[in-house]
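The structure under discussion appears below in the form of structure tokens.
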Amino acid sequence: MNFSRMDLADCATPEAMLAEIEKLQAGAFPIAVPIEDWAAALDIAAIETLETEGFEGGLMMFADRSSGTILVNKAAGWRRRRFTIAHELGHFLLPWHTPRNGEAFRCSKKDMAVFRTQPGGDRYVEMEAQANRFAAGVLMPSAPFRADLRARRHFEVSHIVELADRYDVSKEACARRCADLHDDAIAVVVSRDGIFQRAYRGSDFPRFSVAAGHPLPPASVASRATLAAEQVSAWHELAADHWLERARGTLCEQTLGQQGGFRLTLLTFDEGEAEEEEEVERAWAPPSFRKRP
Ligand SMILES: [Zn+2]
């Protein structure tokens, strides 16, 4: 580990802190990150399990932030615990993060799912979003993760599984990071028993027309394929408007079967040449002026 808490003292956002960590660890990022060792080196005195229902993690710290204790949900698997430890470490290191009741952070599963917030929103929700972005970034650092994505040029849903193993994170946490950092417009949909649960999409990927709690598009391979757990479907191409709002072009999809009726579906979006040509034409069209009556 090439940095100390002192090196991070001036970083007020997770992005600044992660940039500093990546700079100081440049070329020597251990993968998977030994997050428990790092937490200990950054003044986390203990990591203990927590049995309180409804909480994924917690953080108790002295008012002067000299040291802290992280609590993790006893029922959670190893990879979810790693994310929780990184999340609580984010609360501990980010100087403006203070718990709601003044004593301890208690973070729920819902808190662990928020990554972006509206400006001027609830400051405690913003803290949760920041802690999550810190956790994703410290466990899947952007430079090595991007290099890993670029090394897999024809991206497949099996690569999400492979990268989740490599970084020792859950498939979902990995899928979200893939969507965020991939050079192409990709998205990953989580479904269960044919019902859309949630989706992670890159910034270039259009909005979905399917909402959470609703059936998957009947034409999609995610809906139609018969798959055992860990089995991957063939690639399937279909018109984008089956999945997307007001989008032309095509989508390619590939689905991974999981336990308990869950599926992970990778979608890649291609706007199509027709659309691009039309945009060029529009861009070059002479300006039109309305005649005065
Ligand atoms: Zn939290």
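Residues in the structure tokens are numbered from 1 in each chain, the chains being A, B, ... in the order shown, and ligands are numbered from 1 in the order shown.
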
Neighbours of ligand 1 at 10 Å or closer, counting only C-alpha atoms and all ligand atoms: which residues, as a count of residues only?
35

May I have a table of the residues of segment 69-177 of chain A lying at most 12 Å from segment 218-231 of chain A, giving each one's closest pair of atoms and their distance in Å to one decimal, counting only C-alpha atoms, ordered by chain and ascending residue number, as JSON lines?
{"residue": "A:Val157", "atom": "CA", "partner": "A:Gln231", "partner_atom": "CA", "distance": 10.4}
{"residue": "A:Ser158", "atom": "CA", "partner": "A:Glu230", "partner_atom": "CA", "distance": 9.0}
{"residue": "A:Ile160", "atom": "CA", "partner": "A:Glu230", "partner_atom": "CA", "distance": 11.9}
{"residue": "A:Val161", "atom": "CA", "partner": "A:Glu230", "partner_atom": "CA", "distance": 9.3}
{"residue": "A:Glu162", "atom": "CA", "partner": "A:Glu230", "partner_atom": "CA", "distance": 11.9}
{"residue": "A:Lys171", "atom": "CA", "partner": "A:Glu230", "partner_atom": "CA", "distance": 11.7}

In Å, how far is it from atom CA of Gln259 of chain A to atom CA of Arg153 of chain A?
27.8 Å

What's the 8 Å shell around Gln25 of chain A, counting only C-alpha atoms, without same-chain residues fewer than 5 positions away, as number ranges by chain?
A: 1-3

Selection to disk with all heavy atoms, as a tab-separated table (two decimals), in the first residue's frame:
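Done, and the output landed in out_6.tsv:
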chain	number	residue	atom	x	y	z
A	1	MET	N	0.85	-1.19	0.00
A	1	MET	CA	0.00	0.00	0.00
A	1	MET	C	0.89	1.25	0.00
A	1	MET	O	1.72	1.43	0.88
A	1	MET	CB	-0.85	-0.04	1.28
A	1	MET	CG	-1.94	0.97	1.33
A	1	MET	SD	-2.97	0.60	2.78
A	1	MET	CE	-4.00	2.04	2.79
A	2	ASN	N	0.69	2.09	-1.01
A	2	ASN	CA	1.60	3.21	-1.21
A	2	ASN	C	1.07	4.56	-0.70
A	2	ASN	O	1.54	5.60	-1.11
A	2	ASN	CB	1.90	3.38	-2.71
A	2	ASN	CG	2.61	2.19	-3.28
A	2	ASN	OD1	3.04	1.31	-2.54
A	2	ASN	ND2	2.73	2.13	-4.59
A	3	PHE	N	0.03	4.53	0.13
A	3	PHE	CA	-0.51	5.81	0.61
A	3	PHE	C	-0.96	5.68	2.05
A	3	PHE	O	-1.16	4.56	2.56
A	3	PHE	CB	-1.66	6.27	-0.28
A	3	PHE	CG	-2.86	5.35	-0.25
A	3	PHE	CD1	-3.92	5.60	0.60
A	3	PHE	CD2	-2.91	4.23	-1.07
A	3	PHE	CE1	-5.02	4.74	0.63
A	3	PHE	CE2	-4.01	3.38	-1.05
A	3	PHE	CZ	-5.07	3.63	-0.20

If you run DSSP on the backbone, which residues of segment 25-244 of chain A are helix (DSSP H, G or I), as a count of residues only?
82

Which is closest to Leu94 of chain A among A:Arg263, A:Arg207, A:Arg133, A:Arg246, if we use only C-alpha atoms?
A:Arg133

Mind the document's chain letters and residue numbers, and return as a PyMOL selection string the residues of segment 167-239 of chain A that DSSP labels strand (DSSP E).
chain A and resi 186-192+195-201+236-239

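Taking only C-alpha atoms, the non-local environment of His159 of chain A within 10 Å (same-chain residues fewer than 4 positions away omitted) comprises Asp148, Leu149, Arg152, His154, Phe155, Leu163, Ala164, Asp165, Cys174, Ala175 and Cys178 of chain A.
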
Counting only C-alpha atoms, what is within 8 Å of Glu51 of chain A, bar same-chain residues fewer than 6 positions away, as a list in words?
Asn73, Lys74 and Ala75 of chain A

Okay, now the selection with N, CA, C and O atoms, as an mmCIF file, in the first residue's frame?
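Once written, part.cif looks like this:
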data_model
loop_
_atom_site.group_PDB
_atom_site.id
_atom_site.type_symbol
_atom_site.label_atom_id
_atom_site.label_comp_id
_atom_site.auth_asym_id
_atom_site.auth_seq_id
_atom_site.Cartn_x
_atom_site.Cartn_y
_atom_site.Cartn_z
ATOM 1 N N ASN A 73 -23.039 -6.896 7.831
ATOM 2 C CA ASN A 73 -24.158 -7.822 7.990
ATOM 3 C C ASN A 73 -23.647 -9.266 8.012
ATOM 4 O O ASN A 73 -23.004 -9.733 7.076
ATOM 5 N N LYS A 74 -23.969 -9.940 9.095
ATOM 6 C CA LYS A 74 -23.483 -11.308 9.278
ATOM 7 C C LYS A 74 -24.026 -12.255 8.201
ATOM 8 O O LYS A 74 -23.371 -13.230 7.823
ATOM 9 N N ALA A 75 -25.216 -11.943 7.693
ATOM 10 C CA ALA A 75 -25.864 -12.836 6.723
ATOM 11 C C ALA A 75 -25.338 -12.641 5.297
ATOM 12 O O ALA A 75 -25.622 -13.445 4.422
#

Using only C-alpha atoms, which residues sit within 9 Å of Val138 of chain A once same-chain residues fewer than 6 positions away are excluded, as a compact mmCIF listing (two decimals) with all heavy atoms, in the first residue's frame?
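The new file result20.txt reads:
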# COMPACT_ATOMS: atom_id res chain seq x y z
N LEU A 18 -10.26 8.93 -4.97
CA LEU A 18 -9.90 7.78 -5.82
C LEU A 18 -8.79 8.15 -6.79
O LEU A 18 -7.88 7.35 -7.05
CB LEU A 18 -11.14 7.29 -6.59
CG LEU A 18 -12.22 6.64 -5.72
CD1 LEU A 18 -13.53 6.51 -6.48
CD2 LEU A 18 -11.76 5.28 -5.20
N ILE A 21 -5.60 8.05 -4.81
CA ILE A 21 -5.20 6.67 -4.53
C ILE A 21 -4.62 6.03 -5.80
O ILE A 21 -3.56 5.39 -5.76
CB ILE A 21 -6.39 5.83 -3.98
CG1 ILE A 21 -6.80 6.35 -2.61
CG2 ILE A 21 -6.03 4.35 -3.91
CD1 ILE A 21 -8.08 5.71 -2.05
N GLU A 22 -5.30 6.24 -6.92
CA GLU A 22 -4.80 5.64 -8.17
C GLU A 22 -3.45 6.22 -8.56
O GLU A 22 -2.59 5.52 -9.07
CB GLU A 22 -5.82 5.80 -9.31
CG GLU A 22 -7.02 4.89 -9.14
CD GLU A 22 -7.70 4.48 -10.46
OE1 GLU A 22 -6.99 4.23 -11.45
OE2 GLU A 22 -8.94 4.43 -10.47
N VAL A 33 -8.20 -5.97 -4.46
CA VAL A 33 -7.74 -5.11 -3.37
C VAL A 33 -8.00 -5.78 -2.01
O VAL A 33 -9.12 -6.20 -1.75
CB VAL A 33 -8.48 -3.76 -3.45
CG1 VAL A 33 -8.26 -2.94 -2.18
CG2 VAL A 33 -8.04 -2.97 -4.66
N ILE A 35 -9.14 -5.27 0.92
CA ILE A 35 -9.83 -4.12 1.52
C ILE A 35 -9.77 -4.13 3.05
O ILE A 35 -9.70 -3.08 3.68
CB ILE A 35 -11.30 -4.02 0.98
CG1 ILE A 35 -11.92 -2.67 1.32
CG2 ILE A 35 -12.18 -5.16 1.48
CD1 ILE A 35 -11.31 -1.49 0.61
N ALA A 86 -15.81 -1.40 2.09
CA ALA A 86 -15.31 -0.27 1.29
C ALA A 86 -16.25 0.94 1.42
O ALA A 86 -15.80 2.08 1.51
CB ALA A 86 -15.18 -0.69 -0.17

Could you tell me which of A:Thr268, A:Thr117, A:Ser209, A:Thr52 comes closest to His236 of chain A if we count only C-alpha atoms?
A:Thr268

Can you tell me which residues surround Arg201 of chain A at a distance of at most 8 Å, considering only C-alpha atoms, apart from same-chain residues fewer than 5 positions away, and format the answer as a short mmCIF file (atom, residue, chain, number, x, y, z; two decimals) with N, CA, C and O atoms, in the first residue's frame?
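New file out.cif:
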data_model
loop_
_atom_site.label_atom_id
_atom_site.label_comp_id
_atom_site.auth_asym_id
_atom_site.auth_seq_id
_atom_site.Cartn_x
_atom_site.Cartn_y
_atom_site.Cartn_z
N ARG A 176 -22.40 -3.08 -12.97
CA ARG A 176 -22.59 -1.63 -12.90
C ARG A 176 -21.31 -0.91 -13.33
O ARG A 176 -21.33 0.04 -14.10
N ALA A 179 -20.80 -1.15 -17.10
CA ALA A 179 -21.65 -0.20 -17.83
C ALA A 179 -21.09 1.22 -17.72
O ALA A 179 -21.07 1.96 -18.70
N ASP A 180 -20.58 1.57 -16.54
CA ASP A 180 -20.03 2.92 -16.33
C ASP A 180 -18.76 3.16 -17.13
O ASP A 180 -18.54 4.27 -17.63
N ALA A 185 -21.62 1.78 -25.85
CA ALA A 185 -22.90 1.97 -25.15
C ALA A 185 -23.44 0.59 -24.76
O ALA A 185 -23.99 -0.13 -25.59
N ILE A 186 -23.24 0.23 -23.50
CA ILE A 186 -23.75 -1.06 -23.03
C ILE A 186 -24.65 -0.85 -21.81
O ILE A 186 -24.59 0.18 -21.14
N ALA A 187 -25.47 -1.85 -21.55
CA ALA A 187 -26.29 -1.83 -20.34
C ALA A 187 -26.43 -3.27 -19.86
O ALA A 187 -26.28 -4.21 -20.65
N VAL A 188 -26.69 -3.43 -18.58
CA VAL A 188 -26.92 -4.75 -18.02
C VAL A 188 -28.24 -4.72 -17.26
O VAL A 188 -28.47 -3.83 -16.44
#

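Computed from the coordinates, the atom CA of Leu251 of chain A to atom CA of Phe196 of chain A distance equals 16.9 Å.
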
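Atom pair atom CA of Pro215 of chain A / atom CA of Val189 of chain A: separated by 12.3 Å.
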
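Using only C-alpha atoms, the nearest neighbour of Phe208 of chain A within the list A:Glu253, A:Leu244, A:His182, A:Leu238 is A:Leu244.
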